[in-house]
>>> print(open('query00.txt').read())   # compact mmCIF, C-alpha atoms
# COMPACT_ATOMS: atom_id res chain seq x y z
CA MET A 1 13.70 -0.78 17.62
CA SER A 2 15.20 -2.24 14.47
CA GLU A 3 12.00 -4.13 13.63
CA GLU A 4 9.97 -0.96 14.12
CA LYS A 5 12.23 0.98 11.72
CA SER A 6 12.10 -1.84 9.21
CA GLU A 7 8.29 -1.95 9.32
CA LYS A 8 8.04 1.83 9.00
CA LYS A 9 10.45 1.83 6.05
CA GLU A 10 8.47 -0.96 4.38
CA ASN A 11 5.24 1.03 4.74
CA ASN A 12 6.90 4.16 3.35
CA ASP A 13 8.51 2.26 0.46
CA ARG A 14 5.25 0.57 -0.57
CA MET A 15 3.88 2.36 -3.59
CA TYR A 16 0.15 2.29 -3.72
CA ILE A 17 -0.98 1.05 -7.09
CA SER A 18 -4.16 3.14 -6.95
CA HIS A 19 -2.10 6.31 -7.22
CA HIS A 20 -0.98 5.06 -10.63
CA ILE A 21 -4.20 3.41 -11.77
CA LEU A 22 -6.37 6.51 -11.35
CA PRO A 23 -4.51 8.87 -13.72
CA THR A 24 -3.66 6.13 -16.19
CA ALA A 25 -7.24 4.84 -16.37
CA ALA A 26 -8.49 8.42 -16.77
CA ASN A 27 -6.07 9.00 -19.66
CA LEU A 28 -7.09 5.74 -21.33
CA LEU A 29 -10.73 6.69 -20.81
CA GLY A 30 -10.09 9.88 -22.78
CA LEU A 31 -8.26 7.92 -25.46
CA CYS A 32 -11.22 5.58 -25.78
CA PHE A 33 -13.54 8.56 -26.30
CA VAL A 34 -11.25 9.84 -29.06
CA ILE A 35 -11.18 6.41 -30.74
CA LEU A 36 -14.97 6.07 -30.46
CA SER A 37 -15.47 9.54 -31.94
CA PHE A 38 -13.11 8.71 -34.80
CA MET A 39 -15.00 5.49 -35.47
CA LYS A 40 -18.32 7.35 -35.61
CA VAL A 41 -17.00 10.14 -37.86
CA THR A 42 -15.41 7.73 -40.36
CA ARG A 43 -18.36 5.31 -40.19
CA MET A 44 -15.83 2.52 -39.63
CA GLY A 45 -17.74 1.35 -36.57
CA LEU A 46 -20.70 0.31 -38.71
CA GLU A 47 -18.68 -2.46 -40.36
CA THR A 48 -16.68 -3.73 -37.39
CA ILE A 49 -17.02 -4.47 -33.70
CA ILE A 50 -14.45 -1.83 -32.81
CA ASP A 51 -16.97 0.65 -31.44
CA GLU A 52 -18.54 -1.99 -29.19
CA LEU A 53 -15.12 -3.00 -27.84
CA VAL A 54 -14.14 0.61 -27.19
CA ALA A 55 -17.50 1.39 -25.56
CA ALA A 56 -17.00 -1.57 -23.22
CA ALA A 57 -13.45 -0.34 -22.48
CA ILE A 58 -14.90 3.07 -21.56
CA VAL A 59 -17.17 1.46 -18.97
CA ILE A 60 -14.33 -0.69 -17.63
CA PHE A 61 -11.86 2.20 -17.31
CA LEU A 62 -14.52 4.36 -15.64
CA THR A 63 -15.14 1.55 -13.14
CA ALA A 64 -11.40 1.23 -12.54
CA CYS A 65 -11.25 4.98 -11.85
CA VAL A 66 -14.06 4.72 -9.31
CA PHE A 67 -12.49 1.78 -7.45
CA SER A 68 -9.06 3.38 -7.56
CA TYR A 69 -10.43 6.59 -6.09
CA ALA A 70 -12.27 4.60 -3.42
CA SER A 71 -8.99 2.85 -2.59
CA ILE A 72 -7.18 6.15 -2.18
CA ARG A 73 -9.93 7.50 0.06
CA SER A 74 -10.22 4.36 2.19
CA SER A 75 -8.04 3.48 5.14
CA LYS A 76 -4.47 2.56 4.26
CA GLY A 77 -4.73 -0.91 5.80
CA ASP A 78 -7.57 -2.02 3.53
CA ASP A 79 -6.41 -2.78 0.01
CA SER A 80 -9.48 -4.63 -1.29
CA TYR A 81 -10.56 -1.68 -3.48
CA GLU A 82 -7.04 -1.50 -4.85
CA ARG A 83 -7.03 -5.17 -5.86
CA VAL A 84 -10.42 -4.78 -7.56
CA ALA A 85 -9.27 -1.62 -9.36
CA ASP A 86 -6.12 -3.40 -10.51
CA SER A 87 -8.07 -6.37 -11.90
CA ILE A 88 -10.59 -4.16 -13.66
CA PHE A 89 -7.83 -1.96 -15.08
CA MET A 90 -5.99 -4.99 -16.48
CA SER A 91 -9.17 -6.27 -18.14
CA GLY A 92 -9.64 -2.82 -19.69
CA LEU A 93 -6.11 -2.94 -21.07
CA PHE A 94 -6.81 -6.37 -22.54
CA LEU A 95 -10.01 -5.14 -24.17
CA LEU A 96 -8.31 -2.05 -25.57
CA THR A 97 -5.55 -4.27 -26.97
CA MET A 98 -8.16 -6.42 -28.70
CA ALA A 99 -9.75 -3.29 -30.19
CA ALA A 100 -6.32 -2.12 -31.42
CA LEU A 101 -5.70 -5.50 -33.06
CA VAL A 102 -9.07 -5.33 -34.82
CA ILE A 103 -8.22 -1.82 -36.04
CA VAL A 104 -4.85 -2.95 -37.36
CA PHE A 105 -6.24 -5.97 -39.18
CA GLU A 106 -9.22 -4.05 -40.60
CA ILE A 107 -7.07 -1.26 -42.02
CA LEU A 108 -4.43 -3.58 -43.53
>>> encode(input="query00.txt", output="structure tokens")
Amino acid sequence: MSEEKSEKKENNDRMYISHHILPTAANLLGLCFVILSFMKVTRMGLETIIDELVAAAIVIFLTACVFSYASIRSSKGDDSYERVADSIFMSGLFLLTMAALVIVFEIL
């Protein structure tokens, strides 16, 4: 009985990463659209690779949203979508960080 309670508690305590990836990736997707729009309005994207980096981040965050949603909708025992969504999300964060560094060094 104790093992059964322990296993049930472990399953209840486990926080599914997909429940955090989906809203965060969607917010970052919106942020990327704002940055891309700003780059187009100021014509800054013509001189730098910022707009290409942000456009790639848009695709990556959209893909992370899709895999995260698929993970939420799939059976709870299968976490393969969640691992893929996590990896894609992290690569999107890395790409957005690179774009931010380019913005900082171009403006200064």
>>> closest_atom_pairs(input="query00.txt", of="region 33-92 of chain A", to="region 15-19 of chain A", cutoff="8 Å", atoms="only C-alpha atoms", output="JSON lines")
{"residue": "A:Ser68", "atom": "CA", "partner": "A:Ser18", "partner_atom": "CA", "distance": 4.9}
{"residue": "A:Tyr69", "atom": "CA", "partner": "A:Ser18", "partner_atom": "CA", "distance": 7.2}
{"residue": "A:Ser71", "atom": "CA", "partner": "A:Ser18", "partner_atom": "CA", "distance": 6.5}
{"residue": "A:Ile72", "atom": "CA", "partner": "A:Ser18", "partner_atom": "CA", "distance": 6.4}
{"residue": "A:Glu82", "atom": "CA", "partner": "A:Ser18", "partner_atom": "CA", "distance": 5.9}
{"residue": "A:Ala85", "atom": "CA", "partner": "A:Ser18", "partner_atom": "CA", "distance": 7.4}
{"residue": "A:Asp86", "atom": "CA", "partner": "A:Ile17", "partner_atom": "CA", "distance": 7.6}
>>> atom_distance(input="query00.txt", atom1="CA of Thr48 (chain A)", atom2="CA of Ile35 (chain A)")
13.3 Å
>>> residues_around(input="query00.txt", residues="Ile49 (chain A)", least_positions_apart="2", cutoff="12 Å", atoms="only C-alpha atoms", output="list of chain:residue names")
A:Leu36, A:Met39, A:Arg43, A:Met44, A:Gly45, A:Leu46, A:Glu47, A:Asp51, A:Glu52, A:Leu53, A:Val54, A:Ala55, A:Ala56, A:Leu95, A:Met98, A:Ala99, A:Ala100, A:Leu101, A:Val102, A:Ile103, A:Glu106
>>> write_last_selection(input="query00.txt", atoms="C-alpha atoms", output="PDB file, keeping the file's coordinate frame")
ATOM      1  CA  LEU A  36     -14.970   6.070 -30.460  1.00  0.00           C
ATOM      2  CA  MET A  39     -15.000   5.490 -35.470  1.00  0.00           C
ATOM      3  CA  ARG A  43     -18.360   5.310 -40.190  1.00  0.00           C
ATOM      4  CA  MET A  44     -15.830   2.520 -39.630  1.00  0.00           C
ATOM      5  CA  GLY A  45     -17.740   1.350 -36.570  1.00  0.00           C
ATOM      6  CA  LEU A  46     -20.700   0.310 -38.710  1.00  0.00           C
ATOM      7  CA  GLU A  47     -18.680  -2.460 -40.360  1.00  0.00           C
ATOM      8  CA  ASP A  51     -16.970   0.650 -31.440  1.00  0.00           C
ATOM      9  CA  GLU A  52     -18.540  -1.990 -29.190  1.00  0.00           C
ATOM     10  CA  LEU A  53     -15.120  -3.000 -27.840  1.00  0.00           C
ATOM     11  CA  VAL A  54     -14.140   0.610 -27.190  1.00  0.00           C
ATOM     12  CA  ALA A  55     -17.500   1.390 -25.560  1.00  0.00           C
ATOM     13  CA  ALA A  56     -17.000  -1.570 -23.220  1.00  0.00           C
ATOM     14  CA  LEU A  95     -10.010  -5.140 -24.170  1.00  0.00           C
ATOM     15  CA  MET A  98      -8.160  -6.420 -28.700  1.00  0.00           C
ATOM     16  CA  ALA A  99      -9.750  -3.290 -30.190  1.00  0.00           C
ATOM     17  CA  ALA A 100      -6.320  -2.120 -31.420  1.00  0.00           C
ATOM     18  CA  LEU A 101      -5.700  -5.500 -33.060  1.00  0.00           C
ATOM     19  CA  VAL A 102      -9.070  -5.330 -34.820  1.00  0.00           C
ATOM     20  CA  ILE A 103      -8.220  -1.820 -36.040  1.00  0.00           C
ATOM     21  CA  GLU A 106      -9.220  -4.050 -40.600  1.00  0.00           C
TER      22      GLU A 106
END
>>> atom_distance(input="query00.txt", atom1="CA of Ala25 (chain A)", atom2="CA of Val41 (chain A)")
24.2 Å
>>> atom_distance(input="query00.txt", atom1="CA of Leu22 (chain A)", atom2="CA of Cys65 (chain A)")
5.1 Å
>>> closest_residue(input="query00.txt", among="A:Asp78, A:Ile107, A:Leu93, A:Thr42", to="Leu29 (chain A)", atoms="only C-alpha atoms")
A:Leu93
>>> axis_aligned_box(input="query00.txt", around="region 69-76 of chain A", padding_each_side="8 Å", output="JSON")
{"center_x": -8.4, "center_y": 5.0, "center_z": -0.5, "size_x": 23.8, "size_y": 20.9, "size_z": 27.2}
>>> build_atoms(input="query00.txt", residues="region 39-72 of chain A", atoms="N, CA and C atoms", output="CSV table (one decimal), keeping the file's coordinate frame")
chain,number,residue,atom,x,y,z
A,39,MET,N,-14.3,6.6,-34.8
A,39,MET,CA,-15.0,5.5,-35.5
A,39,MET,C,-16.4,6.0,-36.0
A,40,LYS,N,-17.0,6.8,-35.2
A,40,LYS,CA,-18.3,7.4,-35.6
A,40,LYS,C,-18.2,8.3,-36.8
A,41,VAL,N,-17.2,9.2,-36.8
A,41,VAL,CA,-17.0,10.1,-37.9
A,41,VAL,C,-16.7,9.4,-39.2
A,42,THR,N,-15.8,8.4,-39.1
A,42,THR,CA,-15.4,7.7,-40.4
A,42,THR,C,-16.4,6.6,-40.8
A,43,ARG,N,-17.4,6.4,-39.9
A,43,ARG,CA,-18.4,5.3,-40.2
A,43,ARG,C,-17.7,3.9,-40.2
A,44,MET,N,-16.5,3.8,-39.7
A,44,MET,CA,-15.8,2.5,-39.6
A,44,MET,C,-16.5,1.6,-38.6
A,45,GLY,N,-17.1,2.2,-37.6
A,45,GLY,CA,-17.7,1.4,-36.6
A,45,GLY,C,-19.0,0.6,-37.1
A,46,LEU,N,-19.5,1.0,-38.2
A,46,LEU,CA,-20.7,0.3,-38.7
A,46,LEU,C,-20.3,-1.1,-39.3
A,47,GLU,N,-19.1,-1.2,-39.7
A,47,GLU,CA,-18.7,-2.5,-40.4
A,47,GLU,C,-17.9,-3.4,-39.4
A,48,THR,N,-17.5,-2.9,-38.3
A,48,THR,CA,-16.7,-3.7,-37.4
A,48,THR,C,-17.2,-3.7,-36.0
A,49,ILE,N,-16.6,-4.5,-35.1
A,49,ILE,CA,-17.0,-4.5,-33.7
A,49,ILE,C,-16.2,-3.5,-32.9
A,50,ILE,N,-15.4,-2.7,-33.5
A,50,ILE,CA,-14.4,-1.8,-32.8
A,50,ILE,C,-15.2,-0.9,-31.8
A,51,ASP,N,-16.3,-0.3,-32.3
A,51,ASP,CA,-17.0,0.6,-31.4
A,51,ASP,C,-17.6,0.0,-30.2
A,52,GLU,N,-18.0,-1.3,-30.4
A,52,GLU,CA,-18.5,-2.0,-29.2
A,52,GLU,C,-17.4,-2.3,-28.2
A,53,LEU,N,-16.3,-2.7,-28.7
A,53,LEU,CA,-15.1,-3.0,-27.8
A,53,LEU,C,-14.7,-1.7,-27.1
A,54,VAL,N,-14.6,-0.6,-27.8
A,54,VAL,CA,-14.1,0.6,-27.2
A,54,VAL,C,-15.2,1.1,-26.2
A,55,ALA,N,-16.5,1.0,-26.5
A,55,ALA,CA,-17.5,1.4,-25.6
A,55,ALA,C,-17.4,0.6,-24.3
A,56,ALA,N,-17.2,-0.7,-24.4
A,56,ALA,CA,-17.0,-1.6,-23.2
A,56,ALA,C,-15.8,-1.2,-22.4
A,57,ALA,N,-14.7,-0.8,-23.1
A,57,ALA,CA,-13.4,-0.3,-22.5
A,57,ALA,C,-13.7,1.0,-21.7
A,58,ILE,N,-14.6,1.8,-22.3
A,58,ILE,CA,-14.9,3.1,-21.6
A,58,ILE,C,-15.5,2.8,-20.2
A,59,VAL,N,-16.5,1.8,-20.2
A,59,VAL,CA,-17.2,1.5,-19.0
A,59,VAL,C,-16.2,0.8,-18.0
A,60,ILE,N,-15.3,0.0,-18.5
A,60,ILE,CA,-14.3,-0.7,-17.6
A,60,ILE,C,-13.3,0.3,-17.0
A,61,PHE,N,-12.8,1.2,-17.8
A,61,PHE,CA,-11.9,2.2,-17.3
A,61,PHE,C,-12.5,3.2,-16.3
A,62,LEU,N,-13.8,3.5,-16.6
A,62,LEU,CA,-14.5,4.4,-15.6
A,62,LEU,C,-14.7,3.6,-14.3
A,63,THR,N,-15.0,2.4,-14.4
A,63,THR,CA,-15.1,1.6,-13.1
A,63,THR,C,-13.8,1.4,-12.4
A,64,ALA,N,-12.7,1.3,-13.2
A,64,ALA,CA,-11.4,1.2,-12.5
A,64,ALA,C,-11.1,2.6,-11.9
A,65,CYS,N,-11.5,3.7,-12.5
A,65,CYS,CA,-11.2,5.0,-11.8
A,65,CYS,C,-12.0,5.1,-10.5
A,66,VAL,N,-13.2,4.6,-10.5
A,66,VAL,CA,-14.1,4.7,-9.3
A,66,VAL,C,-13.5,3.9,-8.2
A,67,PHE,N,-13.1,2.6,-8.5
A,67,PHE,CA,-12.5,1.8,-7.4
A,67,PHE,C,-11.1,2.3,-7.0
A,68,SER,N,-10.4,2.8,-7.9
A,68,SER,CA,-9.1,3.4,-7.6
A,68,SER,C,-9.2,4.6,-6.6
A,69,TYR,N,-10.2,5.4,-6.9
A,69,TYR,CA,-10.4,6.6,-6.1
A,69,TYR,C,-10.9,6.1,-4.7
A,70,ALA,N,-11.8,5.1,-4.7
A,70,ALA,CA,-12.3,4.6,-3.4
A,70,ALA,C,-11.1,4.0,-2.6
A,71,SER,N,-10.2,3.4,-3.3
A,71,SER,CA,-9.0,2.8,-2.6
A,71,SER,C,-8.1,4.0,-2.0
A,72,ILE,N,-8.0,5.0,-2.7
A,72,ILE,CA,-7.2,6.2,-2.2
A,72,ILE,C,-7.9,6.8,-1.0
